[in-house]
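data13.json (JSON, C-alpha atoms)
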[["chain", "number", "residue", "atom", "x", "y", "z"],
["A", 884, "MET", "CA", -5.63, -33.41, -20.46],
["A", 885, "LEU", "CA", -5.63, -32.21, -16.92],
["A", 886, "ILE", "CA", -3.81, -29.16, -15.63],
["A", 887, "THR", "CA", -4.02, -27.23, -12.38],
["A", 888, "LEU", "CA", -5.32, -23.67, -12.59],
["A", 889, "ASN", "CA", -5.08, -21.61, -9.42],
["A", 890, "GLY", "CA", -4.91, -24.75, -7.32],
["A", 891, "GLN", "CA", -7.92, -26.48, -8.92],
["A", 892, "ASP", "CA", -7.90, -29.35, -11.40],
["A", 893, "LYS", "CA", -8.97, -28.17, -14.82],
["A", 894, "PRO", "CA", -9.48, -30.25, -17.97],
["A", 895, "VAL", "CA", -8.32, -28.47, -21.11],
["A", 896, "ALA", "CA", -7.97, -29.49, -24.75],
["A", 897, "ASP", "CA", -4.60, -30.87, -25.83],
["A", 898, "GLY", "CA", -2.37, -28.13, -27.17],
["A", 899, "THR", "CA", -4.12, -25.32, -25.31],
["A", 900, "THR", "CA", -1.82, -22.34, -25.07],
["A", 901, "LEU", "CA", -1.44, -20.05, -22.12],
["A", 902, "ILE", "CA", -3.13, -17.20, -23.96],
["A", 903, "GLU", "CA", -6.08, -19.45, -24.83],
["A", 904, "LEU", "CA", -6.41, -20.50, -21.19],
["A", 905, "ALA", "CA", -6.26, -16.86, -20.08],
["A", 906, "CYS", "CA", -8.94, -15.85, -22.58],
["A", 907, "GLN", "CA", -11.23, -18.70, -21.49],
["A", 908, "THR", "CA", -11.44, -17.14, -18.01],
["A", 909, "GLY", "CA", -13.19, -14.07, -19.41],
["A", 910, "HIS", "CA", -10.67, -11.75, -17.78],
["A", 911, "PRO", "CA", -8.87, -9.35, -20.12],
["A", 912, "PRO", "CA", -5.40, -10.90, -20.57],
["A", 913, "GLU", "CA", -3.71, -7.50, -20.35],
["A", 914, "ARG", "CA", -4.85, -7.33, -16.72],
["A", 915, "LEU", "CA", -3.43, -10.73, -15.83],
["A", 916, "VAL", "CA", -0.07, -12.06, -14.81],
["A", 917, "ALA", "CA", 0.85, -15.74, -15.13],
["A", 918, "GLU", "CA", 3.08, -18.27, -13.47],
["A", 919, "LEU", "CA", 3.68, -21.65, -15.07],
["A", 920, "ASN", "CA", 5.12, -24.19, -12.65],
["A", 921, "LYS", "CA", 6.23, -21.33, -10.37],
["A", 922, "ALA", "CA", 8.04, -19.43, -13.15],
["A", 923, "ILE", "CA", 6.67, -16.08, -14.30],
["A", 924, "ILE", "CA", 5.86, -16.06, -18.00],
["A", 925, "ALA", "CA", 5.92, -12.71, -19.77],
["A", 926, "ARG", "CA", 2.63, -11.91, -21.49],
["A", 927, "GLU", "CA", 4.25, -11.72, -24.94],
["A", 928, "GLN", "CA", 5.17, -15.40, -24.64],
["A", 929, "TRP", "CA", 1.71, -16.68, -23.78],
["A", 930, "PRO", "CA", 0.73, -17.50, -27.38],
["A", 931, "ARG", "CA", 3.85, -19.63, -27.75],
["A", 932, "ILE", "CA", 3.44, -21.63, -24.54],
["A", 933, "ALA", "CA", 1.53, -24.89, -25.14],
["A", 934, "LEU", "CA", 0.40, -26.40, -21.86],
["A", 935, "LYS", "CA", 1.29, -29.95, -20.93],
["A", 936, "GLU", "CA", -0.44, -32.57, -18.81],
["A", 937, "GLY", "CA", 0.06, -31.80, -15.12],
["A", 938, "ASP", "CA", 1.18, -28.21, -15.62],
["A", 939, "SER", "CA", 0.37, -25.88, -12.77],
["A", 940, "VAL", "CA", -0.77, -22.41, -13.83],
["A", 941, "GLU", "CA", -1.43, -19.42, -11.63],
["A", 942, "LEU", "CA", -3.38, -16.52, -13.13],
["A", 943, "LEU", "CA", -3.47, -13.46, -10.93],
["A", 944, "THR", "CA", -4.76, -9.93, -11.16],
["A", 945, "PHE", "CA", -4.88, -6.77, -9.10],
["A", 946, "VAL", "CA", -7.58, -6.40, -6.48],
["A", 947, "GLY", "CA", -8.33, -3.81, -3.83],
["A", 948, "GLY", "CA", -5.85, -3.78, -0.97],
["A", 949, "GLY", "CA", -4.39, -1.49, 1.67],
["B", 615, "MET", "CA", 5.33, 26.94, -2.56],
["B", 616, "SER", "CA", 6.01, 23.47, -3.87],
["B", 617, "ASP", "CA", 6.05, 20.88, -1.14],
["B", 618, "SER", "CA", 6.07, 17.59, -2.99],
["B", 619, "LEU", "CA", 6.50, 14.20, -1.46],
["B", 620, "LEU", "CA", 9.78, 12.84, -2.79],
["B", 621, "LEU", "CA", 10.03, 9.06, -3.01],
["B", 622, "ALA", "CA", 12.86, 7.30, -4.82],
["B", 623, "GLY", "CA", 13.56, 10.46, -6.82],
["B", 624, "LYS", "CA", 9.96, 10.90, -7.96],
["B", 625, "GLU", "CA", 7.83, 13.85, -6.88],
["B", 626, "PHE", "CA", 4.23, 13.40, -5.81],
["B", 627, "SER", "CA", 1.97, 16.40, -5.36],
["B", 628, "SER", "CA", -0.06, 14.75, -2.59],
["B", 629, "ARG", "CA", 1.05, 13.47, 0.80],
["B", 630, "PHE", "CA", -2.04, 11.34, 1.15],
["B", 631, "LEU", "CA", -1.93, 7.70, 0.05],
["B", 632, "LEU", "CA", -5.15, 5.73, -0.34],
["B", 633, "GLY", "CA", -5.63, 2.00, 0.08],
["B", 634, "THR", "CA", -8.19, 0.47, -2.28],
["B", 635, "GLY", "CA", -9.40, -2.48, -0.20],
["B", 636, "LYS", "CA", -12.87, -3.04, 1.21],
["B", 637, "PHE", "CA", -14.74, -0.41, -0.83],
["B", 638, "PRO", "CA", -18.32, -1.68, -1.07],
["B", 639, "ASN", "CA", -18.56, -0.33, -4.62],
["B", 640, "LYS", "CA", -15.83, 0.56, -7.03],
["B", 641, "ALA", "CA", -17.48, 3.77, -8.23],
["B", 642, "ASP", "CA", -16.96, 5.15, -4.72],
["B", 643, "LEU", "CA", -13.32, 4.15, -4.97],
["B", 644, "LYS", "CA", -12.80, 6.18, -8.12],
["B", 645, "THR", "CA", -14.61, 9.19, -6.69],
["B", 646, "SER", "CA", -12.58, 8.90, -3.48],
["B", 647, "ILE", "CA", -9.32, 8.87, -5.43],
["B", 648, "LEU", "CA", -10.37, 12.01, -7.31],
["B", 649, "ALA", "CA", -11.80, 13.76, -4.25],
["B", 650, "SER", "CA", -8.65, 13.18, -2.21],
["B", 651, "GLY", "CA", -6.19, 14.18, -4.92],
["B", 652, "THR", "CA", -4.04, 11.19, -3.99],
["B", 653, "LYS", "CA", -1.27, 10.27, -6.42],
["B", 654, "ILE", "CA", -0.43, 6.85, -4.96],
["B", 655, "VAL", "CA", -2.85, 4.01, -4.29],
["B", 656, "THR", "CA", -2.12, 0.56, -2.96],
["B", 657, "VAL", "CA", -3.44, -2.60, -4.59],
["B", 658, "ALA", "CA", -3.03, -6.31, -3.89],
["B", 659, "LEU", "CA", -2.43, -9.26, -6.20],
["B", 660, "ARG", "CA", -4.69, -12.31, -6.03],
["B", 661, "ARG", "CA", -5.74, -15.36, -8.00],
["B", 662, "ILE", "CA", -8.56, -14.70, -10.41],
["B", 663, "ASP", "CA", -11.75, -16.68, -10.05],
["B", 664, "PRO", "CA", -11.81, -18.53, -13.39],
["B", 665, "GLU", "CA", -15.54, -19.13, -13.05],
["B", 666, "ARG", "CA", -16.60, -15.59, -12.36],
["B", 667, "HIS", "CA", -15.46, -12.48, -14.17],
["B", 668, "GLN", "CA", -15.55, -9.33, -12.11],
["B", 669, "ASP", "CA", -14.70, -5.77, -13.05],
["B", 670, "ASN", "CA", -11.00, -5.23, -12.65],
["B", 671, "ILE", "CA", -10.00, -2.67, -10.03],
["B", 672, "LEU", "CA", -7.60, -1.06, -12.47],
["B", 673, "GLU", "CA", -10.59, 0.21, -14.47],
["B", 674, "TYR", "CA", -11.41, 2.45, -11.52],
["B", 675, "ILE", "CA", -7.97, 3.94, -10.97],
["B", 676, "PRO", "CA", -7.52, 7.12, -13.02],
["B", 677, "GLU", "CA", -4.52, 7.67, -15.31],
["B", 678, "GLY", "CA", -1.45, 9.15, -13.73],
["B", 679, "ILE", "CA", -1.89, 7.48, -10.36],
["B", 680, "THR", "CA", 1.06, 5.39, -9.20],
["B", 681, "LEU", "CA", 0.18, 1.83, -8.25],
["B", 682, "LEU", "CA", 1.88, 0.60, -5.11],
["B", 683, "THR", "CA", 1.39, -3.16, -4.99],
["B", 684, "ASN", "CA", 1.37, -4.62, -1.52],
["B", 685, "THR", "CA", 2.66, -8.07, -0.75],
["B", 686, "SER", "CA", -0.28, -8.93, 1.47],
["B", 687, "GLY", "CA", -0.71, -12.63, 1.92],
["B", 688, "ALA", "CA", 3.04, -13.13, 2.21],
["B", 689, "ARG", "CA", 4.24, -14.78, 5.42],
["B", 690, "THR", "CA", 7.91, -14.85, 4.49],
["B", 691, "ALA", "CA", 10.38, -12.65, 2.66],
["B", 692, "GLU", "CA", 10.49, -15.23, -0.12],
["B", 693, "GLU", "CA", 6.74, -15.00, -0.67],
["B", 694, "ALA", "CA", 6.88, -11.19, -0.64],
["B", 695, "VAL", "CA", 9.62, -11.27, -3.28],
["B", 696, "ARG", "CA", 7.51, -13.63, -5.40],
["B", 697, "ILE", "CA", 4.54, -11.25, -5.27],
["B", 698, "ALA", "CA", 6.72, -8.26, -6.14],
["B", 699, "HIS", "CA", 8.10, -10.08, -9.16],
["B", 700, "LEU", "CA", 4.58, -10.92, -10.32],
["B", 701, "ALA", "CA", 3.45, -7.32, -9.87],
["B", 702, "ARG", "CA", 6.33, -6.06, -11.97],
["B", 703, "ALA", "CA", 5.61, -8.65, -14.65],
["B", 704, "ALA", "CA", 2.05, -7.37, -14.81],
["B", 705, "GLY", "CA", 3.51, -4.17, -16.20],
["B", 706, "TYR", "CA", 2.60, -1.49, -13.71],
["B", 707, "GLY", "CA", 5.98, -0.40, -12.50],
["B", 708, "SER", "CA", 8.28, -1.29, -9.69],
["B", 709, "TRP", "CA", 6.64, 0.23, -6.63],
["B", 710, "VAL", "CA", 6.08, -2.29, -3.89],
["B", 711, "LYS", "CA", 4.84, -2.07, -0.32],
["B", 712, "ILE", "CA", 6.39, -4.94, 1.59],
["B", 713, "GLU", "CA", 3.89, -6.46, 3.95],
["B", 714, "VAL", "CA", 4.91, -9.72, 5.64],
["B", 715, "ILE", "CA", 2.44, -10.88, 8.26],
["B", 716, "ASN", "CA", 2.37, -14.10, 10.23],
["B", 717, "ASP", "CA", 0.01, -13.20, 13.02],
["B", 718, "SER", "CA", -3.68, -13.46, 12.19],
["B", 719, "LYS", "CA", -4.98, -11.89, 15.40],
["B", 720, "TYR", "CA", -3.11, -8.58, 15.47],
["B", 721, "LEU", "CA", -1.80, -8.61, 11.88],
["B", 722, "LEU", "CA", 1.53, -7.27, 13.06],
["B", 723, "PRO", "CA", 4.26, -7.18, 10.43],
["B", 724, "ASP", "CA", 7.30, -9.44, 10.74],
["B", 725, "ASN", "CA", 10.07, -6.86, 10.77],
["B", 726, "ALA", "CA", 12.93, -9.32, 10.24],
["B", 727, "GLU", "CA", 11.39, -10.89, 7.13],
["B", 728, "THR", "CA", 10.48, -7.42, 5.91],
["B", 729, "VAL", "CA", 14.12, -6.31, 6.09],
["B", 730, "LEU", "CA", 15.15, -9.41, 4.18],
["B", 731, "ALA", "CA", 12.61, -8.81, 1.42],
["B", 732, "THR", "CA", 13.62, -5.14, 1.22],
["B", 733, "GLN", "CA", 17.29, -6.06, 0.78],
["B", 734, "ILE", "CA", 16.48, -8.40, -2.10],
["B", 735, "LEU", "CA", 14.00, -6.18, -3.91],
["B", 736, "ALA", "CA", 15.87, -2.88, -3.51],
["B", 737, "ALA", "CA", 18.95, -4.57, -4.96],
["B", 738, "GLU", "CA", 16.81, -5.60, -7.94],
["B", 739, "GLY", "CA", 15.76, -2.01, -8.57],
["B", 740, "PHE", "CA", 12.33, -1.97, -6.96],
["B", 741, "ASN", "CA", 11.14, 1.12, -5.12],
["B", 742, "VAL", "CA", 10.48, -0.50, -1.78],
["B", 743, "LEU", "CA", 8.18, 0.87, 0.91],
["B", 744, "PRO", "CA", 8.27, -1.51, 3.86],
["B", 745, "TYR", "CA", 5.40, -1.69, 6.34],
["B", 746, "ILE", "CA", 6.80, -2.19, 9.85],
["B", 747, "SER", "CA", 6.15, -2.08, 13.53],
["B", 748, "PRO", "CA", 7.90, 1.17, 14.47],
["B", 749, "ASP", "CA", 11.33, 0.07, 15.62],
["B", 750, "LEU", "CA", 14.48, 2.16, 15.31],
["B", 751, "TYR", "CA", 16.89, -0.69, 14.60],
["B", 752, "THR", "CA", 14.63, -2.18, 11.94],
["B", 753, "ALA", "CA", 14.30, 1.22, 10.32],
["B", 754, "ARG", "CA", 18.09, 1.65, 10.26],
["B", 755, "GLN", "CA", 18.43, -1.75, 8.58],
["B", 756, "LEU", "CA", 15.87, -0.63, 6.01],
["B", 757, "VAL", "CA", 17.86, 2.52, 5.29],
["B", 758, "ALA", "CA", 20.95, 0.38, 4.74],
["B", 759, "ALA", "CA", 18.91, -2.01, 2.56],
["B", 760, "GLY", "CA", 17.91, 0.81, 0.21],
["B", 761, "ALA", "CA", 14.25, 1.32, 1.11],
["B", 762, "ALA", "CA", 12.51, 4.36, -0.42],
["B", 763, "ALA", "CA", 10.61, 5.10, 2.79],
["B", 764, "VAL", "CA", 9.54, 3.43, 6.01],
["B", 765, "MET", "CA", 5.89, 2.82, 6.81],
["B", 766, "PRO", "CA", 5.36, 2.38, 10.54],
["B", 767, "LEU", "CA", 1.94, 1.38, 11.80],
["B", 768, "GLY", "CA", -0.05, 3.85, 13.88],
["B", 769, "SER", "CA", -2.13, 1.10, 15.46],
["B", 770, "PHE", "CA", -3.50, -2.30, 14.46],
["B", 771, "ILE", "CA", -4.62, -2.56, 10.82],
["B", 772, "GLY", "CA", -8.24, -1.58, 10.42],
["B", 773, "SER", "CA", -8.63, -0.65, 14.10],
["B", 774, "ASN", "CA", -9.22, 3.10, 13.60],
["B", 775, "GLN", "CA", -7.37, 3.70, 16.88],
["B", 776, "GLY", "CA", -5.02, 6.35, 15.52],
["B", 777, "LEU", "CA", -1.46, 6.98, 16.66],
["B", 778, "ARG", "CA", -1.08, 4.52, 19.52],
["B", 779, "THR", "CA", 2.59, 4.22, 18.57],
["B", 780, "ARG", "CA", 3.19, 7.97, 18.43],
["B", 781, "ASP", "CA", 6.32, 8.03, 20.64],
["B", 782, "PHE", "CA", 8.01, 5.40, 18.49],
["B", 783, "ILE", "CA", 6.98, 7.03, 15.23],
["B", 784, "ARG", "CA", 8.44, 10.28, 16.58],
["B", 785, "VAL", "CA", 11.77, 8.49, 17.07],
["B", 786, "LEU", "CA", 11.75, 7.32, 13.46],
["B", 787, "ILE", "CA", 10.93, 10.82, 12.21],
["B", 788, "GLU", "CA", 13.84, 12.21, 14.22],
["B", 789, "GLU", "CA", 16.40, 9.54, 13.46],
["B", 790, "ILE", "CA", 15.68, 8.08, 10.03],
["B", 791, "PRO", "CA", 16.80, 9.92, 6.90],
["B", 792, "LEU", "CA", 13.91, 8.56, 4.80],
["B", 793, "PRO", "CA", 10.31, 9.67, 4.43],
["B", 794, "VAL", "CA", 8.21, 8.23, 7.25],
["B", 795, "ILE", "CA", 4.74, 7.31, 6.00],
["B", 796, "VAL", "CA", 2.30, 6.43, 8.75],
["B", 797, "ASP", "CA", 0.26, 3.43, 7.68],
["B", 798, "ALA", "CA", -2.47, 1.42, 9.40],
["B", 799, "GLY", "CA", -4.89, 2.30, 12.14],
["B", 800, "ILE", "CA", -5.55, 5.88, 11.11],
["B", 801, "GLY", "CA", -9.29, 6.21, 11.62],
["B", 802, "ALA", "CA", -10.05, 9.94, 11.53],
["B", 803, "PRO", "CA", -8.69, 13.04, 9.80],
["B", 804, "SER", "CA", -7.61, 14.47, 13.18],
["B", 805, "GLN", "CA", -5.29, 11.49, 13.60],
["B", 806, "ALA", "CA", -3.82, 11.95, 10.12],
["B", 807, "CYS", "CA", -3.33, 15.61, 10.90],
["B", 808, "GLU", "CA", -1.51, 14.76, 14.11],
["B", 809, "ALA", "CA", 0.88, 12.46, 12.25],
["B", 810, "MET", "CA", 1.67, 15.23, 9.77],
["B", 811, "GLU", "CA", 2.13, 17.83, 12.54],
["B", 812, "MET", "CA", 4.72, 15.48, 14.05],
["B", 813, "GLY", "CA", 6.65, 15.56, 10.79],
["B", 814, "ALA", "CA", 5.49, 12.44, 9.02],
["B", 815, "ALA", "CA", 6.12, 12.70, 5.28],
["B", 816, "ALA", "CA", 2.75, 11.20, 4.37],
["B", 817, "VAL", "CA", -0.14, 9.12, 5.63],
["B", 818, "LEU", "CA", -1.84, 6.06, 4.15],
["B", 819, "VAL", "CA", -5.49, 5.38, 4.92],
["B", 820, "ASN", "CA", -7.78, 2.64, 3.71],
["B", 821, "THR", "CA", -10.31, 1.07, 6.06],
["B", 822, "ALA", "CA", -11.72, 4.23, 7.62],
["B", 823, "ILE", "CA", -12.57, 5.66, 4.21],
["B", 824, "ALA", "CA", -13.73, 2.43, 2.60],
["B", 825, "ILE", "CA", -16.25, 1.66, 5.33],
["B", 826, "ALA", "CA", -17.55, 5.20, 5.84],
["B", 827, "ASP", "CA", -21.11, 6.01, 4.81],
["B", 828, "ASN", "CA", -19.73, 8.52, 2.32],
["B", 829, "PRO", "CA", -16.21, 7.44, 1.29],
["B", 830, "PRO", "CA", -15.45, 10.31, -1.14],
["B", 831, "LEU", "CA", -16.38, 12.93, 1.46],
["B", 832, "LEU", "CA", -14.16, 11.34, 4.08],
["B", 833, "ALA", "CA", -11.34, 10.91, 1.53],
["B", 834, "GLN", "CA", -11.48, 14.63, 0.87],
["B", 835, "ALA", "CA", -11.54, 15.38, 4.59],
["B", 836, "PHE", "CA", -8.47, 13.21, 5.13],
["B", 837, "ALA", "CA", -6.59, 14.91, 2.31],
["B", 838, "ARG", "CA", -7.36, 18.33, 3.78],
["B", 839, "ALA", "CA", -6.28, 17.18, 7.24],
["B", 840, "VAL", "CA", -3.00, 15.92, 5.80],
["B", 841, "THR", "CA", -2.40, 19.27, 4.11],
["B", 842, "ALA", "CA", -3.30, 21.16, 7.30],
["B", 843, "GLY", "CA", -0.98, 19.00, 9.38],
["B", 844, "ARG", "CA", 1.84, 19.40, 6.90],
["B", 845, "GLU", "CA", 1.48, 23.19, 6.85],
["B", 846, "ALA", "CA", 1.42, 23.24, 10.64],
["B", 847, "PHE", "CA", 4.62, 21.19, 10.75],
["B", 848, "LEU", "CA", 6.33, 23.51, 8.27],
["B", 849, "SER", "CA", 5.18, 26.54, 10.24],
["B", 850, "GLY", "CA", 7.32, 25.59, 13.23],
["B", 851, "LEU", "CA", 4.65, 24.72, 15.78],
["B", 852, "PRO", "CA", 5.32, 26.22, 19.22],
["B", 853, "GLU", "CA", 5.83, 23.79, 22.09],
["B", 854, "LYS", "CA", 3.28, 23.06, 24.79],
["B", 855, "ARG", "CA", 3.61, 24.99, 28.05],
["B", 856, "GLU", "CA", 2.56, 24.00, 31.55],
["B", 857, "GLN", "CA", 1.33, 27.48, 32.52],
["B", 858, "ALA", "CA", -0.79, 30.20, 31.01],
["B", 859, "GLN", "CA", 0.71, 32.96, 28.94],
["B", 860, "ALA", "CA", -1.60, 35.92, 28.27],
["B", 861, "SER", "CA", -2.48, 36.65, 24.70],
["B", 862, "SER", "CA", -3.50, 40.25, 25.48],
["B", 863, "PRO", "CA", -1.48, 42.79, 27.45],
["B", 864, "LEU", "CA", -2.38, 42.47, 31.18],
["B", 865, "THR", "CA", -1.66, 46.11, 31.99],
["B", 866, "GLY", "CA", -2.32, 49.51, 30.44],
["B", 867, "PHE", "CA", -5.89, 50.31, 31.46],
["B", 868, "LEU", "CA", -7.78, 49.07, 34.56],
["B", 869, "HIS", "CA", -4.79, 47.88, 36.55],
["B", 870, "PRO", "CA", -1.83, 49.90, 35.42]]
Final structure tokens representation of the file:
Amino acid sequence: MLITLNGQDKPVADGTTLIELACQTGHPPERLVAELNKAIIAREQWPRIALKEGDSVELLTFVGGG
Amino acid sequence: MSDSLLLAGKEFSSRFLLGTGKFPNKADLKTSILASGTKIVTVALRRIDPERHQDNILEYIPEGITLLTNTSGARTAEEAVRIAHLARAAGYGSWVKIEVINDSKYLLPDNAETVLATQILAAEGFNVLPYISPDLYTARQLVAAGAAAVMPLGSFIGSNQGLRTRDFIRVLIEEIPLPVIVDAGIGAPSQACEAMEMGAAAVLVNTAIAIADNPPLLAQAFARAVTAGREAFLSGLPEKREQAQASSPLTGFLHP
């Protein structure tokens, strides 16, 4: 199925959870924060969130800034 | 003598805040944090690149340093609030520097949107440090909104021009019952020192240090200048005079 990750189309396996998607990026999940369809999802819930076709996910992290 | 910076009820032993952007290598960032003794650093929140894993900046920020997330990238109060919520969800506290910018040439903050974002986030329990063009009425609205400090710009972001807004910052220091933290445009320790001599509560520097040949050395120099300026302010600096006043007695020997 197709989802949107950070504004880009991304094919993922059916039933992929948010934690699985986060881990696939190679970034440590504990450094990430996620929005699913514009709603913030607490990290503890990521294993229980199964993504659906057309979902829009934002994965963000801290970077240098002034 | 303890002379801590007090923000939202929390004491910080340094009056120097460091921005973490633009450091060519992250090892220099960590050394700069340690060399300056800063207790508060700013960070930004951005999309990860799913294709490319990079070292996370948090690995280079020592324990015990307070993270102040900026809302850079926000063009409206609503976007700033969204970023603040994300930062809090990430689990690194509730300190947020509101930065709402619409103008890409001068990067001047939108004071009206900044006030709006401050009202919302302070009511939600965030410790809000709004970055503003130094304006008395805006600053008064921020006091009423529950800001923890005000952060007027010294000059354009990244310009290294120093305190071009000094007269207006002076007004804020005189009139606003919150810590005034001079942010943006501070390009040399002498300029940071001047801000502190005027009575600023703290100074935030990023670009000048990040792009220096030796960032940790300049970070240390800035921190010392901030301390020197603060001590000068506390000492009760004498005012400037138009005429000379002899330091030594003029009579008593050759011309009695």
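The shortest atom-to-atom distance to chain A, with all atoms listed in the file taken into account, belongs to B:Asn639 out of B:Thr779, B:Ser861, B:Ser804, B:Asn639.
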Name the residues, using the chain letters and numbers of the file, that sit within 9 Å of (-14.7, 8.1, -6.3) when counting all atoms listed in the file, and give them as number ranges by chain.
B: 640-650, 674, 829-830, 833
With all atoms listed in the file as the counted atoms, please give the residues lying no more than 7 Å from Gly948 (chain A), apart from itself and same-chain residues fewer than 6 positions off, as number ranges by chain.
B: 633-635, 656-658
What is the CA of Thr680 (chain B) to CA of Gly651 (chain B) distance in Å?
12.2 Å
Determine which residues of chain B sit within 9 Å of chain A, taking into account all atoms listed in the file, and present them as a ChimeraX atom specification.
/B:632-637,655-672,683-684,686,699-701,703-705,798,818-821
Identify which of the residues B:Pro791, B:Gly776, B:Gly799, B:Pro676 lies closest to Tyr720 (chain B), counting all atoms listed in the file when measuring atom-to-atom distances.
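Among B:Pro791, B:Gly776, B:Gly799, B:Pro676, it is B:Gly799 that comes nearest to Tyr720 (chain B).
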Coordinates-based distance that separates CA of Leu682 (chain B) from CA of Val710 (chain B) (Å, one decimal)
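CA of Leu682 (chain B) lies at a distance of 5.2 Å from CA of Val710 (chain B).
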Just the residues within 9 Å of Ala837 (chain B), please, counting only C-alpha atoms, with nothing from its chain fewer than 4 positions along; format it as a ChimeraX atom specification.
/B:628-631,649-652,803,806,832-833,841-842
Kindly reconstruct region 931-945 of chain A with N, CA, C and O atoms and present the result as a PDB file, in the frame of the given file.
ATOM      1  N   ARG A 931       2.892 -18.597 -27.332  1.00  0.00           N
ATOM      2  CA  ARG A 931       3.850 -19.630 -27.750  1.00  0.00           C
ATOM      3  C   ARG A 931       3.987 -20.761 -26.722  1.00  0.00           C
ATOM      4  O   ARG A 931       4.722 -21.708 -26.929  1.00  0.00           O
ATOM      5  N   ILE A 932       3.305 -20.625 -25.594  1.00  0.00           N
ATOM      6  CA  ILE A 932       3.440 -21.630 -24.540  1.00  0.00           C
ATOM      7  C   ILE A 932       2.269 -22.621 -24.642  1.00  0.00           C
ATOM      8  O   ILE A 932       1.126 -22.281 -24.317  1.00  0.00           O
ATOM      9  N   ALA A 933       2.556 -23.832 -25.106  1.00  0.00           N
ATOM     10  CA  ALA A 933       1.530 -24.890 -25.140  1.00  0.00           C
ATOM     11  C   ALA A 933       1.595 -25.641 -23.807  1.00  0.00           C
ATOM     12  O   ALA A 933       2.665 -26.067 -23.368  1.00  0.00           O
ATOM     13  N   LEU A 934       0.439 -25.764 -23.177  1.00  0.00           N
ATOM     14  CA  LEU A 934       0.400 -26.400 -21.860  1.00  0.00           C
ATOM     15  C   LEU A 934       0.545 -27.910 -21.996  1.00  0.00           C
ATOM     16  O   LEU A 934       0.164 -28.495 -23.012  1.00  0.00           O
ATOM     17  N   LYS A 935       1.096 -28.495 -20.954  1.00  0.00           N
ATOM     18  CA  LYS A 935       1.290 -29.950 -20.930  1.00  0.00           C
ATOM     19  C   LYS A 935       0.534 -30.550 -19.744  1.00  0.00           C
ATOM     20  O   LYS A 935       0.253 -29.865 -18.763  1.00  0.00           O
ATOM     21  N   GLU A 936       0.224 -31.836 -19.879  1.00  0.00           N
ATOM     22  CA  GLU A 936      -0.440 -32.570 -18.810  1.00  0.00           C
ATOM     23  C   GLU A 936       0.265 -32.315 -17.465  1.00  0.00           C
ATOM     24  O   GLU A 936       1.492 -32.397 -17.374  1.00  0.00           O
ATOM     25  N   GLY A 937      -0.512 -31.966 -16.459  1.00  0.00           N
ATOM     26  CA  GLY A 937       0.060 -31.800 -15.120  1.00  0.00           C
ATOM     27  C   GLY A 937       0.648 -30.431 -14.842  1.00  0.00           C
ATOM     28  O   GLY A 937       1.114 -30.179 -13.726  1.00  0.00           O
ATOM     29  N   ASP A 938       0.657 -29.550 -15.855  1.00  0.00           N
ATOM     30  CA  ASP A 938       1.180 -28.210 -15.620  1.00  0.00           C
ATOM     31  C   ASP A 938       0.361 -27.508 -14.536  1.00  0.00           C
ATOM     32  O   ASP A 938      -0.853 -27.707 -14.419  1.00  0.00           O
ATOM     33  N   SER A 939       1.056 -26.672 -13.784  1.00  0.00           N
ATOM     34  CA  SER A 939       0.370 -25.880 -12.770  1.00  0.00           C
ATOM     35  C   SER A 939       0.457 -24.403 -13.152  1.00  0.00           C
ATOM     36  O   SER A 939       1.548 -23.853 -13.289  1.00  0.00           O
ATOM     37  N   VAL A 940      -0.707 -23.810 -13.380  1.00  0.00           N
ATOM     38  CA  VAL A 940      -0.770 -22.410 -13.830  1.00  0.00           C
ATOM     39  C   VAL A 940      -1.402 -21.566 -12.739  1.00  0.00           C
ATOM     40  O   VAL A 940      -2.397 -21.968 -12.129  1.00  0.00           O
ATOM     41  N   GLU A 941      -0.808 -20.424 -12.499  1.00  0.00           N
ATOM     42  CA  GLU A 941      -1.430 -19.420 -11.630  1.00  0.00           C
ATOM     43  C   GLU A 941      -1.755 -18.212 -12.494  1.00  0.00           C
ATOM     44  O   GLU A 941      -0.885 -17.688 -13.205  1.00  0.00           O
ATOM     45  N   LEU A 942      -2.991 -17.771 -12.466  1.00  0.00           N
ATOM     46  CA  LEU A 942      -3.380 -16.520 -13.130  1.00  0.00           C
ATOM     47  C   LEU A 942      -3.842 -15.563 -12.051  1.00  0.00           C
ATOM     48  O   LEU A 942      -4.762 -15.865 -11.286  1.00  0.00           O
ATOM     49  N   LEU A 943      -3.171 -14.425 -11.996  1.00  0.00           N
ATOM     50  CA  LEU A 943      -3.470 -13.460 -10.930  1.00  0.00           C
ATOM     51  C   LEU A 943      -3.798 -12.104 -11.527  1.00  0.00           C
ATOM     52  O   LEU A 943      -3.435 -11.814 -12.675  1.00  0.00           O
ATOM     53  N   THR A 944      -4.458 -11.297 -10.726  1.00  0.00           N
ATOM     54  CA  THR A 944      -4.760  -9.930 -11.160  1.00  0.00           C
ATOM     55  C   THR A 944      -4.758  -9.016  -9.943  1.00  0.00           C
ATOM     56  O   THR A 944      -4.692  -9.467  -8.798  1.00  0.00           O
ATOM     57  N   PHE A 945      -4.847  -7.723 -10.198  1.00  0.00           N
ATOM     58  CA  PHE A 945      -4.880  -6.770  -9.100  1.00  0.00           C
ATOM     59  C   PHE A 945      -6.283  -6.690  -8.508  1.00  0.00           C
ATOM     60  O   PHE A 945      -7.279  -6.719  -9.231  1.00  0.00           O
TER      61      PHE A 945
END
